[in-house]
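Here the structure comes first, spelled out in structure tokens, and everything after it is commentary.
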Amino acid sequence: MVEIRELSEYIGDSVTVQGWVEQTRTHGKVAFTVVRDGTGLLQGVLVRTQVDDATWSIHGSLTQETLVTLTGEVKEDARAPGGYELSITDLKLIAPAPDYPIQPKEHGVDFLLDHRHLWLRHATQRAGLRVRAEVEQSIHDFLYERGFVRIDTPILTGAIGEHAGTLFETDYFGDRAFLAQTGQLYVEAACPAFRKVYCFGPTFRAEKSKTRRHLTEFWMVEPEVAFADSLENMRLQEDFISYIVARSLDRCGEELKILERDTSALELVKPPFPRISYSEAVEELRAGGSDIVWGQDLGATAEMALMAERELPLFVHDYPKKAKAFYMKENPEDPRTVLCDDLLVPEGYGEIIGGSQREDDLGRLQARIREEGLPEEAYVWYLDLRKYGSFPHSGFGLGIERTVAWITGGHHIRELIPFPRMMNRLYP
RNA sequence: UGGGGUGUAGCUCAACUGGCAGAGCGCCUGGCUGUUAACCAGGAGGUUGCAGGUUCGAGCCCUGCCGCCCCAGCCA
């Protein structure tokens with residue numbers, strides 16, 4: 001048994017390959033079968049006069065996604081998908097696949113999502129998910145090389161997070177528990193232990209969002225760095241994003257081609273990225289005809305307008321305090337704002353990073369928790385971090401699906417996670 | 001939660017002004033020695049999302065409900 005990706009080493013040899021039938025075509029006394037084994041595609045060719053009746057009739061009974069073994073001689077052939085062809089001498093049906101639902105044609109999204117467990121097998125989905133895997137690996141590699149220690153943060157928590165109204169609640173031995181909507185507060189705790197840390201995992205938001213940029217369960221990487229200020233934080237972010245994009249271009253060329261991604265915009269992604277303050281963004285928007293006023297958060301329309309003429313990712317930093325989370329550090333030069341940044345990417349993909357310097361002053365942090373009406377008792381341990389050797393630190397969260405959607409040119413982030421969880425979808 | 005759209009065969013969609021329920025794909029049968037979502041001929045396949053209403057007659061019009069899609073808000 002050989003893998004299809006190794007076939008170039010077996011030209012002229014007789015080999016056996018096992019895989020799933022993607023398609024069959026019969027043409028009188030010649031028949032073709034395209035088989036996928038998870039490492040590549042192979043076209044098998046069957047000639048009526050060169051095989052016995054039993055083998056020929058097996059071919060006739062093959063349907064899409066039947067598991068088969070093919071034995072025959074390997075040949076190079078430009079006409080074959082994958083570039084290699086097998087002249088079949090023996091064909092065995094291992095497991096049948098009657099009435100496979102997904103045809104090689106257009107389907108509606110709802111139908112495909114109902115069959116997500118099967119849709120994963122198909123070319124565009126394979127390509128997107130492989131890019132995702134490469135993005136994830138490049139995240140680990142980049143951070144590891146820079147001395148970050150991975151910290152796995154809890155998924156079950158008390159009411160710790162940013163907005164209590166968007167937490168999924170579950171029973172915890174008679175008490176209430178919530179699914180984590182960020183690991184950030186926990187990586188902050190690990191910062192004094194390892195200086196540079198990150199968490200990587202699923203996160204949950206019970207927001208009733210129905211857009212192509214939202215899931216209720218999505219994956220996020222959250223680096224946190226002791227002694228980094230907001231400017232260093234942005235430098236880390238632009239290096240990080242540039243590395244991830246370069247790795248995808250380098251190692252996923254085939255996948256991006258299948259996805260028909262024009263990569264010219266991605267080739268430009270190199271540090272430094274342009275930066276504008278929130279206040280400058282508001283001025284720019286007003287000059288462009290928007291009636292946004294200082295203090296309002298930037299919505300999707302505003303973000304789209306800011307990115308319309310830009311080719312590189314853009315940092316928008318130092319937002320009004322009221323528009324941002326309680327843990328962000330007050331800007332000493334303008335106390336109306338906090339030291340934070342959003343990274344917006346071009347081509348309509350919007351925000352992929354939210355980051356900030358954290359409030360390290362115990363008194364101000366306590367005051368902010370009270371202002372937001374958060375349950376103080378849940379934050380006792382978090383405040384301890386300011387009580388025992390408080391230190392300046394910064395970090396950010398990068399959304400995996402949004403990043404992969406941008407890199408692949410995907411229309412909706414639901415296709416860039418194996419099993420999307422959305423407001424109206426918990427199956428399969 | 002608002003605004004817009006949509007629901008017809010397993011799938012993707014047609015069906016004029018309200019007048020016999022259609023096609024392609026997939027499936028089944030047959031034909032074809034180089035196909036690339038092959039092609040050709042034939043066949044099976046329907047409670048038009050659900051409930052009511054108007055009408056001689058409703059897939060089409062009206063009311064309510066349900067599902068889904070897109071946009072916005074929220075955010076990554």
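Residues are named by chain letter and number: chains run A, B, ... in the order of the structure tokens, numbers start at 1 in each chain, and ligands are numbered from 1 in the order shown.
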Next item on the list: Up to 6 Å from chain A, what residues of chain B turn up? Count only C-alpha atoms (C1' of nucleotides) and give them as a PyMOL selection string.
Entry: chain B and resi 32-33+37+76
Check: Just asking: which residues within stretch 111-236 of chain A are strand (DSSP E or B) according to DSSP, as an NGL selection string?
Finding: :A and (149-150 or 156-157 or 169-172 or 175-179 or 196-204 or 217-226)
Item checked: Long-range neighbours of A:Ser14 as number ranges by chain, 9 Å cut-off, only C-alpha atoms (C1' of nucleotides), 2 positions minimum in chain -> A: 10-12, 16, 71-74, 86-87
Export C-alpha atoms of the chosen residues as a PDB file, in the first residue's frame?
ATOM      1  CA  TYR A  10       7.047   4.414  -8.169  1.00  0.00           C
ATOM      2  CA  ILE A  11       6.795   5.219 -11.870  1.00  0.00           C
ATOM      3  CA  GLY A  12       6.797   1.977 -13.832  1.00  0.00           C
ATOM      4  CA  THR A  16      -1.646  -0.799  -4.536  1.00  0.00           C
ATOM      5  CA  THR A  71      -3.581  -2.180  -8.068  1.00  0.00           C
ATOM      6  CA  GLY A  72      -1.677  -1.405 -11.236  1.00  0.00           C
ATOM      7  CA  GLU A  73       1.284   0.232 -12.893  1.00  0.00           C
ATOM      8  CA  VAL A  74       2.078   3.886 -12.155  1.00  0.00           C
ATOM      9  CA  LEU A  86      -2.680   3.881 -12.525  1.00  0.00           C
ATOM     10  CA  SER A  87      -3.306   1.231 -15.203  1.00  0.00           C
TER      11      SER A  87
END
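All residues of protein, DNA or RNA that reach within 9 Å of A:Arg421, judged by only C-alpha atoms (C1' of nucleotides) and not counting those fewer than 4 positions away in the chain, are Leu215, Thr216, Glu217, Phe218, Arg414, Arg425, Leu426 and Tyr427 of chain A.
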Keeping all heavy atoms, export the residues of the selection given above as a compact mmCIF listing (two decimals), in the first residue's frame.
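What follows is the written file selection.txt:
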# COMPACT_ATOMS: atom_id res chain seq x y z
N LEU A 215 -18.95 33.52 14.95
CA LEU A 215 -19.32 32.17 15.36
C LEU A 215 -19.58 32.23 16.87
O LEU A 215 -19.07 33.13 17.53
CB LEU A 215 -18.18 31.19 15.10
CG LEU A 215 -17.73 31.00 13.65
CD1 LEU A 215 -16.44 30.20 13.60
CD2 LEU A 215 -18.81 30.30 12.85
N THR A 216 -20.34 31.27 17.39
CA THR A 216 -20.51 31.26 18.85
C THR A 216 -19.34 30.55 19.52
O THR A 216 -19.07 30.76 20.69
CB THR A 216 -21.82 30.58 19.25
OG1 THR A 216 -21.86 29.29 18.65
CG2 THR A 216 -23.02 31.39 18.81
N GLU A 217 -18.69 29.66 18.77
CA GLU A 217 -17.48 29.00 19.26
C GLU A 217 -16.38 29.26 18.24
O GLU A 217 -16.52 28.88 17.08
CB GLU A 217 -17.72 27.49 19.40
CG GLU A 217 -16.49 26.71 19.82
CD GLU A 217 -16.78 25.21 19.96
OE1 GLU A 217 -17.78 24.85 20.59
OE2 GLU A 217 -16.02 24.40 19.41
N PHE A 218 -15.36 29.95 18.65
CA PHE A 218 -14.27 30.22 17.72
C PHE A 218 -12.94 30.08 18.44
O PHE A 218 -12.90 29.98 19.68
CB PHE A 218 -14.40 31.61 17.09
CG PHE A 218 -14.27 32.75 18.06
CD1 PHE A 218 -13.05 33.42 18.21
CD2 PHE A 218 -15.34 33.16 18.82
CE1 PHE A 218 -12.92 34.48 19.10
CE2 PHE A 218 -15.21 34.21 19.73
CZ PHE A 218 -14.01 34.88 19.87
N ARG A 414 -17.44 30.49 8.65
CA ARG A 414 -17.95 29.17 9.04
C ARG A 414 -17.30 28.03 8.24
O ARG A 414 -17.31 26.89 8.67
CB ARG A 414 -19.47 29.10 8.84
CG ARG A 414 -19.89 29.20 7.41
CD ARG A 414 -21.39 29.37 7.26
NE ARG A 414 -21.68 29.90 5.93
CZ ARG A 414 -22.74 30.58 5.60
NH1 ARG A 414 -23.67 30.83 6.50
NH2 ARG A 414 -22.92 31.04 4.38
N ARG A 425 -27.01 26.64 14.69
CA ARG A 425 -26.39 25.39 14.23
C ARG A 425 -25.53 24.73 15.29
O ARG A 425 -24.52 25.28 15.71
CB ARG A 425 -25.56 25.64 12.97
CG ARG A 425 -24.96 24.36 12.42
CD ARG A 425 -24.47 24.52 11.01
NE ARG A 425 -25.56 24.72 10.07
CZ ARG A 425 -26.34 23.74 9.61
NH1 ARG A 425 -26.15 22.51 10.00
NH2 ARG A 425 -27.31 24.00 8.75
N LEU A 426 -25.99 23.53 15.69
CA LEU A 426 -25.26 22.72 16.65
C LEU A 426 -25.04 21.32 16.07
O LEU A 426 -24.52 20.44 16.72
CB LEU A 426 -26.09 22.64 17.94
CG LEU A 426 -25.41 22.32 19.26
CD1 LEU A 426 -24.20 23.18 19.51
CD2 LEU A 426 -26.41 22.44 20.40
N TYR A 427 -25.47 21.14 14.84
CA TYR A 427 -25.37 19.83 14.16
C TYR A 427 -24.65 20.01 12.84
O TYR A 427 -24.94 20.98 12.15
CB TYR A 427 -26.78 19.27 13.92
CG TYR A 427 -26.80 17.98 13.14
CD1 TYR A 427 -26.82 16.75 13.78
CD2 TYR A 427 -26.76 17.99 11.74
CE1 TYR A 427 -26.82 15.57 13.05
CE2 TYR A 427 -26.76 16.81 11.01
CZ TYR A 427 -26.79 15.60 11.67
OH TYR A 427 -26.79 14.43 10.95
Check: Which neighbours of stretch 365-380 of chain A fall inside 7 Å, counting only C-alpha atoms (C1' of nucleotides), when residues of the same chain fewer than 2 positions from it are skipped, and could you give them as a list of chain:residue names?
Finding: A:Ala159, A:Ile160, A:Phe326, A:Tyr327, A:Glu359, A:Asp361, A:Leu362, A:Gly363, A:Tyr382, A:Leu383, A:Asp384
Item checked: Residues flagged alpha helix (DSSP H) by DSSP in stretch 305-409 of chain A, as number ranges by chain -> A: 305-307, 362-371, 380-387, 400-408
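For the pair atom CA of A:Val338 and atom CA of A:Val282, the interatomic distance is 15.8 Å.
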Checklist line | Residues near B:G30, cut-off 12 Å, only C-alpha atoms (C1' of nucleotides), skip fewer than 6 positions along chain, as a ChimeraX atom specification | finding: /A:28 /B:40-43
Any chance you could export the current selection's N, CA, C and O atoms (P, O5', C5', C4', C3', O3' and C1' of nucleotides) as a PDB file, in the first residue's frame?
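Saved as part-v8.pdb:
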ATOM      1  N   GLY A  28     -17.447   3.393 -22.844  1.00  0.00           N
ATOM      2  CA  GLY A  28     -17.453   2.173 -23.627  1.00  0.00           C
ATOM      3  C   GLY A  28     -16.528   1.136 -23.030  1.00  0.00           C
ATOM      4  O   GLY A  28     -16.843   0.559 -21.996  1.00  0.00           O
TER       5      GLY A  28
ATOM      6  P     C B  40     -25.732  14.962 -24.273  1.00  0.00           P
ATOM      7  O5'   C B  40     -26.160  13.665 -25.068  1.00  0.00           O
ATOM      8  C5'   C B  40     -26.025  13.610 -26.485  1.00  0.00           C
ATOM      9  C4'   C B  40     -26.495  12.285 -27.012  1.00  0.00           C
ATOM     10  C3'   C B  40     -27.838  11.803 -26.469  1.00  0.00           C
ATOM     11  O3'   C B  40     -28.939  12.412 -27.115  1.00  0.00           O
ATOM     12  C1'   C B  40     -26.286  10.026 -26.400  1.00  0.00           C
ATOM     13  P     A B  41     -30.319  12.619 -26.318  1.00  0.00           P
ATOM     14  O5'   A B  41     -30.924  11.144 -26.239  1.00  0.00           O
ATOM     15  C5'   A B  41     -31.364  10.477 -27.412  1.00  0.00           C
ATOM     16  C4'   A B  41     -31.847   9.091 -27.084  1.00  0.00           C
ATOM     17  C3'   A B  41     -32.862   9.000 -25.948  1.00  0.00           C
ATOM     18  O3'   A B  41     -34.179   9.324 -26.348  1.00  0.00           O
ATOM     19  C1'   A B  41     -31.201   7.354 -25.658  1.00  0.00           C
ATOM     20  P     G B  42     -35.222   9.958 -25.277  1.00  0.00           P
ATOM     21  O5'   G B  42     -35.502   8.756 -24.274  1.00  0.00           O
ATOM     22  C5'   G B  42     -36.422   7.732 -24.624  1.00  0.00           C
ATOM     23  C4'   G B  42     -36.331   6.573 -23.678  1.00  0.00           C
ATOM     24  C3'   G B  42     -36.886   6.796 -22.269  1.00  0.00           C
ATOM     25  O3'   G B  42     -38.305   6.766 -22.213  1.00  0.00           O
ATOM     26  C1'   G B  42     -34.832   5.651 -22.138  1.00  0.00           C
ATOM     27  P     G B  43     -39.085   7.583 -21.078  1.00  0.00           P
ATOM     28  O5'   G B  43     -38.762   6.780 -19.743  1.00  0.00           O
ATOM     29  C5'   G B  43     -39.228   5.443 -19.576  1.00  0.00           C
ATOM     30  C4'   G B  43     -38.746   4.872 -18.268  1.00  0.00           C
ATOM     31  C3'   G B  43     -39.161   5.644 -17.018  1.00  0.00           C
ATOM     32  O3'   G B  43     -40.479   5.332 -16.606  1.00  0.00           O
ATOM     33  C1'   G B  43     -36.861   5.088 -16.880  1.00  0.00           C
TER      34        G B  43
END
Margin query: Residues near A:Ile276, anyone? I mean within 7 Å using only C-alpha atoms (C1' of nucleotides), not counting same-chain ones fewer than 4 positions away, as an NGL selection string.
Written below: :A and (280-281 or 315-317)
I need the residues from that last selection saved to file as a JSON list (two decimals), in the first residue's frame (with N, CA and C atoms), if you can.
[["chain", "number", "residue", "atom", "x", "y", "z"],
["A", 280, "GLU", "N", -7.76, 60.27, 15.06],
["A", 280, "GLU", "CA", -7.44, 60.52, 13.64],
["A", 280, "GLU", "C", -8.41, 59.79, 12.72],
["A", 281, "ALA", "N", -8.79, 58.58, 13.13],
["A", 281, "ALA", "CA", -9.74, 57.81, 12.33],
["A", 281, "ALA", "C", -11.08, 58.54, 12.23],
["A", 315, "PHE", "N", -3.42, 49.56, 12.02],
["A", 315, "PHE", "CA", -3.69, 49.66, 13.46],
["A", 315, "PHE", "C", -4.51, 50.91, 13.72],
["A", 316, "VAL", "N", -5.59, 50.75, 14.45],
["A", 316, "VAL", "CA", -6.30, 51.91, 15.00],
["A", 316, "VAL", "C", -6.13, 51.80, 16.52],
["A", 317, "HIS", "N", -5.50, 52.83, 17.12],
["A", 317, "HIS", "CA", -5.14, 52.69, 18.53],
["A", 317, "HIS", "C", -5.78, 53.77, 19.38]]
If you take only C-alpha atoms and a cut-off of 10 Å, which residues of stretch 314-420 of chain A touch stretch 123-138 of chain A, and what are their nearest atom pairs and distances in Å to one decimal, in chain and number order, as JSON lines?
{"residue": "A:Ile400", "atom": "CA", "partner": "A:Glu136", "partner_atom": "CA", "distance": 7.7}
{"residue": "A:Glu401", "atom": "CA", "partner": "A:Arg132", "partner_atom": "CA", "distance": 7.8}
{"residue": "A:Thr403", "atom": "CA", "partner": "A:Val135", "partner_atom": "CA", "distance": 8.4}
{"residue": "A:Val404", "atom": "CA", "partner": "A:Arg132", "partner_atom": "CA", "distance": 5.8}
{"residue": "A:Ala405", "atom": "CA", "partner": "A:Gly128", "partner_atom": "CA", "distance": 8.3}
{"residue": "A:Ile407", "atom": "CA", "partner": "A:Val131", "partner_atom": "CA", "distance": 8.3}
{"residue": "A:Thr408", "atom": "CA", "partner": "A:Gly128", "partner_atom": "CA", "distance": 6.7}
{"residue": "A:Gly409", "atom": "CA", "partner": "A:Gly128", "partner_atom": "CA", "distance": 9.5}
{"residue": "A:Gly410", "atom": "CA", "partner": "A:Gly128", "partner_atom": "CA", "distance": 8.1}
{"residue": "A:Glu415", "atom": "CA", "partner": "A:Gln125", "partner_atom": "CA", "distance": 7.1}
{"residue": "A:Leu416", "atom": "CA", "partner": "A:Gly128", "partner_atom": "CA", "distance": 5.9}
{"residue": "A:Ile417", "atom": "CA", "partner": "A:Leu129", "partner_atom": "CA", "distance": 6.9}
{"residue": "A:Pro418", "atom": "CA", "partner": "A:Leu129", "partner_atom": "CA", "distance": 7.1}
With only C-alpha atoms (C1' of nucleotides) counted and 10 Å as the cut-off, give the residues of stretch 5-30 of chain B in contact with stretch 61-74 of chain B, each with its shortest interatomic distance in Å and the pair that gives it, as CSV.
residue,atom,partner,partner_atom,distance
B:G5,C1',B:C70,C1',7.5
B:U6,C1',B:C69,C1',7.2
B:G7,C1',B:C68,C1',8.0
B:G18,C1',B:C61,C1',7.8
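We find atom CA of A:Pro274 and atom CA of A:Arg195 to be spaced 27.7 Å apart.
Distances here use only C-alpha atoms (C1' of nucleotides); by that measure, the residue among B:C75, B:G19, B:G34, B:C39 closest to B:G57 is B:G19.
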